[in-house]
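Shown next: structure-v7.pdb, given as PDB, C-alpha atoms.
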```pdb
ATOM      1  CA  TYR A 114       7.471  28.159  -9.752  1.00  0.00           C
ATOM      2  CA  GLN A 115       5.598  26.888 -12.794  1.00  0.00           C
ATOM      3  CA  TYR A 116       3.640  23.676 -13.352  1.00  0.00           C
ATOM      4  CA  LYS A 117       2.853  21.822 -16.560  1.00  0.00           C
ATOM      5  CA  THR A 118      -0.824  21.539 -17.490  1.00  0.00           C
ATOM      6  CA  SER A 119      -2.414  18.529 -19.229  1.00  0.00           C
ATOM      7  CA  GLY A 120      -1.966  20.483 -22.453  1.00  0.00           C
ATOM      8  CA  GLY A 121       1.802  20.628 -21.932  1.00  0.00           C
ATOM      9  CA  GLU A 122       1.955  24.353 -21.145  1.00  0.00           C
ATOM     10  CA  TYR A 123       3.710  25.802 -18.113  1.00  0.00           C
ATOM     11  CA  VAL A 124       1.621  28.037 -15.837  1.00  0.00           C
ATOM     12  CA  ASP A 125       2.929  30.263 -13.044  1.00  0.00           C
ATOM     13  CA  GLY A 126       2.292  29.120  -9.479  1.00  0.00           C
ATOM     14  CA  LEU A 127       1.628  25.709  -7.920  1.00  0.00           C
ATOM     15  CA  PRO A 128      -1.344  23.377  -8.630  1.00  0.00           C
ATOM     16  CA  ALA A 129      -4.155  22.819  -6.129  1.00  0.00           C
ATOM     17  CA  ASP A 130      -6.048  19.909  -7.691  1.00  0.00           C
ATOM     18  CA  ILE A 131      -5.361  16.218  -7.067  1.00  0.00           C
ATOM     19  CA  GLY A 132      -2.907  14.726  -9.559  1.00  0.00           C
ATOM     20  CA  HIS A 133       0.730  14.353 -10.605  1.00  0.00           C
ATOM     21  CA  TYR A 134       2.499  17.459 -11.903  1.00  0.00           C
ATOM     22  CA  THR A 135       5.852  18.450 -13.364  1.00  0.00           C
ATOM     23  CA  ILE A 136       7.121  21.483 -11.446  1.00  0.00           C
ATOM     24  CA  LYS A 137       9.697  23.825 -12.933  1.00  0.00           C
ATOM     25  CA  VAL A 138      11.826  26.023 -10.673  1.00  0.00           C
ATOM     26  CA  THR A 139      13.831  28.781 -12.321  1.00  0.00           C
ATOM     27  CA  GLY A 140      16.447  30.724 -10.349  1.00  0.00           C
ATOM     28  CA  GLN A 141      17.388  34.366 -10.769  1.00  0.00           C
ATOM     29  CA  ASP A 142      20.218  35.246 -13.134  1.00  0.00           C
ATOM     30  CA  ILE A 143      22.308  37.183 -10.616  1.00  0.00           C
ATOM     31  CA  PRO A 144      25.885  38.254 -11.423  1.00  0.00           C
ATOM     32  CA  ASN A 145      28.481  35.911  -9.931  1.00  0.00           C
ATOM     33  CA  LYS A 146      25.712  33.459  -8.918  1.00  0.00           C
ATOM     34  CA  ILE A 147      24.765  30.090 -10.381  1.00  0.00           C
ATOM     35  CA  TYR A 148      21.637  30.056 -12.543  1.00  0.00           C
ATOM     36  CA  CYS A 149      19.214  27.326 -11.466  1.00  0.00           C
ATOM     37  CA  ASP A 150      16.682  25.555 -13.683  1.00  0.00           C
ATOM     38  CA  VAL A 151      15.217  22.408 -12.121  1.00  0.00           C
ATOM     39  CA  GLU A 152      12.233  20.161 -12.822  1.00  0.00           C
ATOM     40  CA  PHE A 153      10.683  17.660 -10.407  1.00  0.00           C
ATOM     41  CA  THR A 154       7.416  15.766  -9.952  1.00  0.00           C
ATOM     42  CA  LEU A 155       4.828  16.866  -7.396  1.00  0.00           C
ATOM     43  CA  SER A 156       1.972  14.526  -6.440  1.00  0.00           C
ATOM     44  CA  ILE A 157      -1.167  15.796  -4.704  1.00  0.00           C
ATOM     45  CA  TYR A 158      -3.314  13.093  -3.119  1.00  0.00           C
ATOM     46  CA  GLU A 159      -6.831  13.140  -1.739  1.00  0.00           C
ATOM     47  CA  LYS A 160      -5.428  11.254   1.235  1.00  0.00           C
ATOM     48  CA  VAL A 161      -2.180   9.541   2.133  1.00  0.00           C
ATOM     49  CA  VAL A 162      -2.714   5.783   1.976  1.00  0.00           C
ATOM     50  CA  ALA A 163       0.862   4.663   2.535  1.00  0.00           C
ATOM     51  CA  SER A 164       4.352   5.991   3.103  1.00  0.00           C
ATOM     52  CA  VAL A 165       7.797   4.648   2.262  1.00  0.00           C
ATOM     53  CA  THR A 166      10.696   5.167   4.664  1.00  0.00           C
ATOM     54  CA  PHE A 167      14.253   4.539   3.512  1.00  0.00           C
ATOM     55  CA  ASN A 168      17.579   5.920   4.732  1.00  0.00           C
ATOM     56  CA  GLY A 169      15.751   8.229   7.121  1.00  0.00           C
ATOM     57  CA  ASP A 170      13.588   9.822   4.420  1.00  0.00           C
ATOM     58  CA  THR A 171       9.825   9.298   4.157  1.00  0.00           C
ATOM     59  CA  VAL A 172       7.750   9.688   0.989  1.00  0.00           C
ATOM     60  CA  SER A 173       3.932   9.772   1.064  1.00  0.00           C
ATOM     61  CA  CYS A 174       1.930   7.815  -1.517  1.00  0.00           C
ATOM     62  CA  GLY A 175      -1.704   7.876  -2.599  1.00  0.00           C
ATOM     63  CA  SER A 176      -1.958   4.093  -2.919  1.00  0.00           C
ATOM     64  CA  MET A 177      -0.232   0.974  -1.644  1.00  0.00           C
ATOM     65  CA  THR A 178       0.609   0.061  -5.236  1.00  0.00           C
ATOM     66  CA  ASP A 179       2.432   3.383  -5.686  1.00  0.00           C
ATOM     67  CA  ALA A 180       4.329   2.723  -2.452  1.00  0.00           C
ATOM     68  CA  PHE A 181       5.552  -0.685  -3.635  1.00  0.00           C
ATOM     69  CA  GLU A 182       6.474   0.734  -7.034  1.00  0.00           C
ATOM     70  CA  TYR A 183       8.512   3.482  -5.386  1.00  0.00           C
ATOM     71  CA  ALA A 184      10.178   1.055  -2.971  1.00  0.00           C
ATOM     72  CA  SER A 185      11.120  -1.251  -5.848  1.00  0.00           C
ATOM     73  CA  ARG A 186      13.342   1.486  -7.296  1.00  0.00           C
ATOM     74  CA  LEU A 187      15.356   1.973  -4.103  1.00  0.00           C
ATOM     75  CA  ASP A 188      18.767   0.417  -3.490  1.00  0.00           C
ATOM     76  CA  THR A 189      17.618  -1.799  -0.625  1.00  0.00           C
ATOM     77  CA  SER A 190      19.474  -4.634   1.086  1.00  0.00           C
ATOM     78  CA  ALA A 191      18.952  -7.132   3.882  1.00  0.00           C
ATOM     79  CA  ASP A 192      20.454  -4.615   6.306  1.00  0.00           C
ATOM     80  CA  ASN A 193      18.781  -1.556   4.810  1.00  0.00           C
ATOM     81  CA  ARG A 194      15.149  -2.251   4.012  1.00  0.00           C
ATOM     82  CA  ALA A 195      12.429   0.004   2.656  1.00  0.00           C
ATOM     83  CA  VAL A 196       9.507   0.165   5.093  1.00  0.00           C
ATOM     84  CA  ILE A 197       6.007   0.698   3.685  1.00  0.00           C
ATOM     85  CA  THR A 198       3.547   1.870   6.339  1.00  0.00           C
ATOM     86  CA  LEU A 199      -0.197   1.914   5.726  1.00  0.00           C
ATOM     87  CA  TRP A 200      -2.234   4.855   7.030  1.00  0.00           C
ATOM     88  CA  ASN A 201      -5.655   3.934   5.644  1.00  0.00           C
ATOM     89  CA  ASN A 202      -7.529   0.765   4.756  1.00  0.00           C
ATOM     90  CA  VAL A 203      -6.847  -0.507   1.246  1.00  0.00           C
ATOM     91  CA  ASP A 204      -9.021  -2.104  -1.441  1.00  0.00           C
ATOM     92  CA  MET A 205      -6.402  -4.061  -3.383  1.00  0.00           C
ATOM     93  CA  ASP A 206      -7.360  -4.486  -7.032  1.00  0.00           C
ATOM     94  CA  SER A 207      -3.973  -5.330  -8.563  1.00  0.00           C
ATOM     95  CA  ALA A 208      -1.264  -7.855  -7.708  1.00  0.00           C
ATOM     96  CA  ILE A 209       2.113  -6.856  -6.266  1.00  0.00           C
ATOM     97  CA  THR A 210       5.385  -8.692  -6.910  1.00  0.00           C
ATOM     98  CA  VAL A 211       8.580  -8.354  -4.876  1.00  0.00           C
ATOM     99  CA  THR A 212      11.467  -9.398  -7.103  1.00  0.00           C
ATOM    100  CA  SER A 213      15.141 -10.228  -6.667  1.00  0.00           C
ATOM    101  CA  GLY A 214      17.176  -7.503  -4.980  1.00  0.00           C
ATOM    102  CA  GLN A 215      14.144  -5.938  -3.287  1.00  0.00           C
ATOM    103  CA  TYR A 216      14.034  -5.943   0.529  1.00  0.00           C
ATOM    104  CA  ILE A 217      10.729  -4.529   1.689  1.00  0.00           C
ATOM    105  CA  THR A 218       8.838  -4.487   4.986  1.00  0.00           C
ATOM    106  CA  LEU A 219       5.067  -3.934   4.905  1.00  0.00           C
ATOM    107  CA  ASP A 220       3.709  -2.480   8.154  1.00  0.00           C
ATOM    108  CA  LEU A 221      -0.080  -2.886   8.262  1.00  0.00           C
ATOM    109  CA  ASN A 222      -0.179  -0.314  11.078  1.00  0.00           C
ATOM    110  CA  GLY A 223      -3.592  -1.586  12.158  1.00  0.00           C
ATOM    111  CA  CYS A 224      -5.124  -1.192   8.691  1.00  0.00           C
ATOM    112  CA  LYS A 225      -7.153  -3.704   6.693  1.00  0.00           C
ATOM    113  CA  ILE A 226      -6.279  -4.789   3.169  1.00  0.00           C
ATOM    114  CA  THR A 227      -9.342  -6.123   1.346  1.00  0.00           C
ATOM    115  CA  VAL A 228      -8.337  -7.980  -1.808  1.00  0.00           C
ATOM    116  CA  THR A 229     -10.776  -7.315  -4.652  1.00  0.00           C
ATOM    117  CA  LEU A 230      -8.908  -8.869  -7.584  1.00  0.00           C
ATOM    118  CA  ALA A 231     -10.161 -12.331  -8.502  1.00  0.00           C
ATOM    119  CA  GLY A 232      -8.116 -15.282  -9.665  1.00  0.00           C
ATOM    120  CA  ASN A 233      -4.654 -13.934  -8.816  1.00  0.00           C
ATOM    121  CA  THR A 234      -2.527 -14.065  -5.684  1.00  0.00           C
ATOM    122  CA  PRO A 235      -2.317 -10.489  -4.343  1.00  0.00           C
ATOM    123  CA  PHE A 236       1.252 -10.656  -2.965  1.00  0.00           C
ATOM    124  CA  ASN A 237       3.945 -12.537  -4.863  1.00  0.00           C
ATOM    125  CA  VAL A 238       7.519 -12.900  -3.633  1.00  0.00           C
ATOM    126  CA  ASN A 239       9.627 -13.924  -6.606  1.00  0.00           C
ATOM    127  CA  GLY A 240      13.285 -13.777  -5.575  1.00  0.00           C
ATOM    128  CA  GLY A 241      12.786 -10.824  -3.235  1.00  0.00           C
ATOM    129  CA  ASP A 242      12.449 -10.521   0.533  1.00  0.00           C
ATOM    130  CA  LEU A 243       9.176  -9.359   2.092  1.00  0.00           C
ATOM    131  CA  VAL A 244       8.464  -8.941   5.804  1.00  0.00           C
ATOM    132  CA  LEU A 245       4.935  -8.425   7.144  1.00  0.00           C
ATOM    133  CA  LYS A 246       4.526  -6.609  10.470  1.00  0.00           C
ATOM    134  CA  ASP A 247       1.862  -4.685  12.356  1.00  0.00           C
ATOM    135  CA  SER A 248       2.803  -1.804  14.639  1.00  0.00           C
ATOM    136  CA  ASN A 249      -0.764  -1.021  15.748  1.00  0.00           C
ATOM    137  CA  ALA A 250      -2.801  -3.698  17.509  1.00  0.00           C
ATOM    138  CA  GLU A 251      -5.433  -1.258  18.810  1.00  0.00           C
ATOM    139  CA  THR A 252      -7.727  -1.342  15.766  1.00  0.00           C
ATOM    140  CA  GLN A 253     -10.515  -3.927  15.773  1.00  0.00           C
ATOM    141  CA  TYR A 254     -12.324  -5.692  12.911  1.00  0.00           C
ATOM    142  CA  LEU A 255     -15.488  -7.738  13.411  1.00  0.00           C
ATOM    143  CA  TYR A 256     -15.940 -10.988  11.508  1.00  0.00           C
ATOM    144  CA  TYR A 257     -18.202 -13.997  11.217  1.00  0.00           C
ATOM    145  CA  LYS A 258     -17.454 -17.422   9.766  1.00  0.00           C
ATOM    146  CA  ASP A 259     -19.479 -18.521   6.754  1.00  0.00           C
ATOM    147  CA  SER A 260     -20.714 -22.076   6.104  1.00  0.00           C
ATOM    148  CA  ASN A 261     -17.224 -23.062   4.910  1.00  0.00           C
ATOM    149  CA  GLY A 262     -15.536 -21.670   8.001  1.00  0.00           C
ATOM    150  CA  LYS A 263     -14.122 -18.707   6.080  1.00  0.00           C
ATOM    151  CA  TYR A 264     -13.689 -15.429   7.933  1.00  0.00           C
ATOM    152  CA  VAL A 265     -15.867 -12.652   6.501  1.00  0.00           C
ATOM    153  CA  PHE A 266     -14.973  -9.191   7.778  1.00  0.00           C
ATOM    154  CA  ASP A 267     -17.284  -6.225   8.121  1.00  0.00           C
ATOM    155  CA  ASN A 268     -17.733  -4.594   4.707  1.00  0.00           C
ATOM    156  CA  GLY A 269     -20.243  -1.964   5.748  1.00  0.00           C
ATOM    157  CA  THR A 270     -23.276  -3.562   4.054  1.00  0.00           C
ATOM    158  CA  ASP A 271     -26.679  -4.451   5.492  1.00  0.00           C
ATOM    159  CA  GLU A 272     -26.179  -8.010   4.248  1.00  0.00           C
ATOM    160  CA  TRP A 273     -23.051  -8.358   6.365  1.00  0.00           C
ATOM    161  CA  ASP A 274     -24.841  -6.939   9.419  1.00  0.00           C
ATOM    162  CA  THR A 275     -27.634  -9.497   8.987  1.00  0.00           C
ATOM    163  CA  ALA A 276     -25.229 -12.430   8.561  1.00  0.00           C
ATOM    164  CA  TYR A 277     -23.211 -11.311  11.578  1.00  0.00           C
ATOM    165  CA  GLY A 278     -26.355 -11.045  13.683  1.00  0.00           C
ATOM    166  CA  ASP A 279     -27.489 -14.517  12.627  1.00  0.00           C
ATOM    167  CA  ALA A 280     -24.110 -16.157  13.331  1.00  0.00           C
ATOM    168  CA  SER A 281     -23.715 -18.108  16.542  1.00  0.00           C
ATOM    169  CA  ALA A 282     -21.408 -16.797  19.253  1.00  0.00           C
ATOM    170  CA  GLU A 283     -18.698 -19.347  18.446  1.00  0.00           C
ATOM    171  CA  ASN A 284     -18.749 -18.325  14.768  1.00  0.00           C
ATOM    172  CA  LYS A 285     -18.104 -14.621  15.140  1.00  0.00           C
ATOM    173  CA  GLY A 286     -15.636 -12.403  16.885  1.00  0.00           C
ATOM    174  CA  VAL A 287     -13.116  -9.614  16.564  1.00  0.00           C
ATOM    175  CA  VAL A 288      -9.529  -9.414  15.310  1.00  0.00           C
ATOM    176  CA  ASN A 289      -7.162  -6.858  16.808  1.00  0.00           C
ATOM    177  CA  GLY A 290      -4.666  -5.142  14.521  1.00  0.00           C
ATOM    178  CA  GLY A 291      -4.055  -5.192  10.798  1.00  0.00           C
ATOM    179  CA  VAL A 292      -5.725  -7.714   8.507  1.00  0.00           C
ATOM    180  CA  ILE A 293      -5.294  -9.049   4.972  1.00  0.00           C
ATOM    181  CA  THR A 294      -8.490 -10.635   3.678  1.00  0.00           C
ATOM    182  CA  GLY A 295     -10.576 -11.329   0.577  1.00  0.00           C
ATOM    183  CA  GLY A 296      -7.969 -13.085  -1.569  1.00  0.00           C
ATOM    184  CA  ASN A 297      -9.365 -15.695  -3.974  1.00  0.00           C
ATOM    185  CA  ALA A 298      -6.630 -17.168  -6.141  1.00  0.00           C
ATOM    186  CA  SER A 299      -7.155 -19.786  -8.824  1.00  0.00           C
ATOM    187  CA  GLY A 300      -3.621 -21.111  -8.232  1.00  0.00           C
ATOM    188  CA  ASN A 301      -1.386 -21.145  -5.163  1.00  0.00           C
ATOM    189  CA  GLY A 302      -1.618 -18.713  -2.274  1.00  0.00           C
ATOM    190  CA  GLY A 303      -4.818 -16.910  -1.344  1.00  0.00           C
ATOM    191  CA  ALA A 304      -2.803 -13.995   0.047  1.00  0.00           C
ATOM    192  CA  PHE A 305       0.913 -14.710  -0.487  1.00  0.00           C
ATOM    193  CA  ASN A 306       2.787 -16.878  -2.965  1.00  0.00           C
ATOM    194  CA  VAL A 307       6.517 -17.378  -2.444  1.00  0.00           C
ATOM    195  CA  TYR A 308       8.489 -18.580  -5.434  1.00  0.00           C
ATOM    196  CA  ALA A 309      11.892 -20.262  -5.457  1.00  0.00           C
ATOM    197  CA  GLY A 310      14.528 -17.856  -4.167  1.00  0.00           C
ATOM    198  CA  GLY A 311      11.959 -15.652  -2.451  1.00  0.00           C
ATOM    199  CA  LYS A 312      11.573 -15.112   1.283  1.00  0.00           C
ATOM    200  CA  PHE A 313       8.483 -14.119   3.268  1.00  0.00           C
ATOM    201  CA  THR A 314       8.536 -13.476   7.019  1.00  0.00           C
ATOM    202  CA  MET A 315       5.402 -12.807   9.038  1.00  0.00           C
ATOM    203  CA  ASN A 316       6.120 -10.871  12.228  1.00  0.00           C
ATOM    204  CA  GLY A 317       2.628  -9.501  12.818  1.00  0.00           C
ATOM    205  CA  GLY A 318      -0.838  -8.918  11.435  1.00  0.00           C
ATOM    206  CA  THR A 319      -3.609 -11.378  10.599  1.00  0.00           C
ATOM    207  CA  ILE A 320      -4.153 -13.225   7.306  1.00  0.00           C
ATOM    208  CA  ALA A 321      -7.697 -14.576   7.270  1.00  0.00           C
ATOM    209  CA  GLY A 322     -10.651 -14.981   4.939  1.00  0.00           C
ATOM    210  CA  ASN A 323      -8.550 -15.808   1.878  1.00  0.00           C
ATOM    211  CA  ALA A 324      -8.805 -18.836  -0.419  1.00  0.00           C
ATOM    212  CA  ALA A 325      -6.850 -20.556  -3.191  1.00  0.00           C
ATOM    213  CA  SER A 326      -7.430 -23.574  -5.383  1.00  0.00           C
ATOM    214  CA  TYR A 327      -4.151 -25.168  -4.312  1.00  0.00           C
ATOM    215  CA  GLY A 328      -3.623 -23.841  -0.794  1.00  0.00           C
TER
END
```

Write-out of the structure in structure tokens:
Amino acid sequence: YQYKTSGGEYVDGLPADIGHYTIKVTGQDIPNKIYCDVEFTLSIYEKVVASVTFNGDTVSCGSMTDAFEYASRLDTSADNRAVITLWNNVDMDSAITVTSGQYITLDLNGCKITVTLAGNTPFNVNGGDLVLKDSNAETQYLYYKDSNGKYVFDNGTDEWDTAYGDASAENKGVVNGGVITGGNASGNGGAFNVYAGGKFTMNGGTIAGNAASYG
């Protein structure tokens, strides 16, 4: 085995640091045997955020965005969908679009997606087919409602703790299972926007604490 360094040189062995690497495998030149020379990409992540399952194979990804990008390249259909499963909470800082010919299921798996991009709808279904589900309802997320009635989920800050403590009993609570929150779109759809020809099906999870100028 050899891997390509940032300088473009091949070094013997396998990498140990986080990153994406080109791996070169060279077979032995044995008489009457086939000589093998193959290159492939190896990704090393700090943690697995999401995985993509398709045709019985599962690929781990370091971000939800990477998972959707990978799924978009698969030959999916209505009867053979790519399933993206979250394994860690996500801070979503870029929009995702599911386009024509893409059939994708997003399984929140009890995780929370906190949208941090401003002005844009985080999930856009433009001709594609997206299903939202949640296979883990055991996780719990505390929230309080602000003065506008918007759900505000625990973000780990002292300010949130204070606001939660000050909220009345009827204006705070807990949500079980996966959550999508924090969207703030200047157009349509605080969390999801479905364009003509697109299809969105919600089979599980909670969408709360999002806002949009036009609904």

**Prompt:** Which residue, A:Leu255, A:Ile293, A:Ile209, A:Met177, has the smallest gap to Asn233 of chain A when you use all atoms listed in the file?
**Reply:**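 Closest to Asn233 of chain A of all the choices is A:Ile209.
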
**Message:** Take the PyMOL selection byres ((chain A and resi 292) around 10), run it mentally on this structure, and tell me the resulting residues as a ChimeraX atom specification.
**Reply:** /A:202,221-227,247,252-254,266,288-291,293-295,317-322

**Request:** Choose the residue, out of A:Asn297, A:Ser248, A:Thr275, A:Ser326, that has the smallest atom-to-atom separation from Ala231 of chain A; count only C-alpha atoms.
**Result:**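 The closest residue to Ala231 of chain A is A:Asn297.
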
**Request:** Between A:Asp188, A:Asp204, A:Asp242, A:Glu283, single out the one closest to Val228 of chain A, counting all atoms listed in the file.
**Result:**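 The closest residue to Val228 of chain A is A:Asp204.
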
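Counting from atom CA of Thr166 of chain A, the distance to atom CA of Asn316 of chain A is 18.3 Å.
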
**Prompt:** If you apply the PyMOL selection byres ((chain A and resi 189) around 10) to this file, what residues do you get, as a PyMOL selection string?
**Reply:** chain A and resi 167-168+184-188+190-195+214-217

**Asked** At what distance in Å, to one decimal, does atom CA of Val238 of chain A lie from atom CA of Ala298 of chain A?
**Response**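 Those two atoms sit 15.0 Å apart.
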
**Request:** Provide the atom CA of Ser281 of chain A to atom CA of Tyr264 of chain A distance in Å, to one decimal place.
**Result:** 13.5 Å

**Best match for closeness to Pro235 of chain A among A:Met315, A:Cys174, A:Val307, A:Val161, counting all atoms listed in the file** = A:Val307

**Request:** Determine, counting all atoms listed in the file, which protein, DNA and RNA residues have an atom within 9 Å of an atom of Asp267 of chain A; residues of the same chain fewer than 6 positions away are not included. Present the result as a list in words.
**Result:**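 Skipping anything fewer than 6 positions along the chain leaves Tyr254, Leu255, Tyr256, Tyr257, Trp273, Asp274 and Tyr277 of chain A.
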
Would you mind exporting C-alpha atoms of the selected residues as a CSV table (one decimal), keeping the file's coordinate frame?
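Saved as again.csv:
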```csv
chain,number,residue,atom,x,y,z
A,254,TYR,CA,-12.3,-5.7,12.9
A,255,LEU,CA,-15.5,-7.7,13.4
A,256,TYR,CA,-15.9,-11.0,11.5
A,257,TYR,CA,-18.2,-14.0,11.2
A,273,TRP,CA,-23.1,-8.4,6.4
A,274,ASP,CA,-24.8,-6.9,9.4
A,277,TYR,CA,-23.2,-11.3,11.6
```

**Nearby residues (all atoms listed in the file) at most 7 Å from Ala163 of chain A, same-chain spacing under 3 positions excluded, as number ranges by chain** = A: 173-177, 180, 197-200

Could you give me the centre and size, in Å to one decimal, of an axis-aligned box around all listed atoms of segment 215-225 of chain A with 3 Å added on every side, as lines of an AutoDock Vina configuration file?
```
center_x = 3.5
center_y = -3.1
center_z = 4.4
size_x = 27.3
size_y = 11.6
size_z = 21.4
```

**Request:** Expand the PyMOL selection byres ((chain A and resi 325) around 10) into the individual residues it matches in the shown file, reporting them as a list of chain:residue names.
**Result:** A:Gly232, A:Asn233, A:Thr234, A:Gly296, A:Asn297, A:Ala298, A:Ser299, A:Gly300, A:Asn301, A:Gly302, A:Gly303, A:Ala304, A:Asn323, A:Ala324, A:Ser326, A:Tyr327, A:Gly328
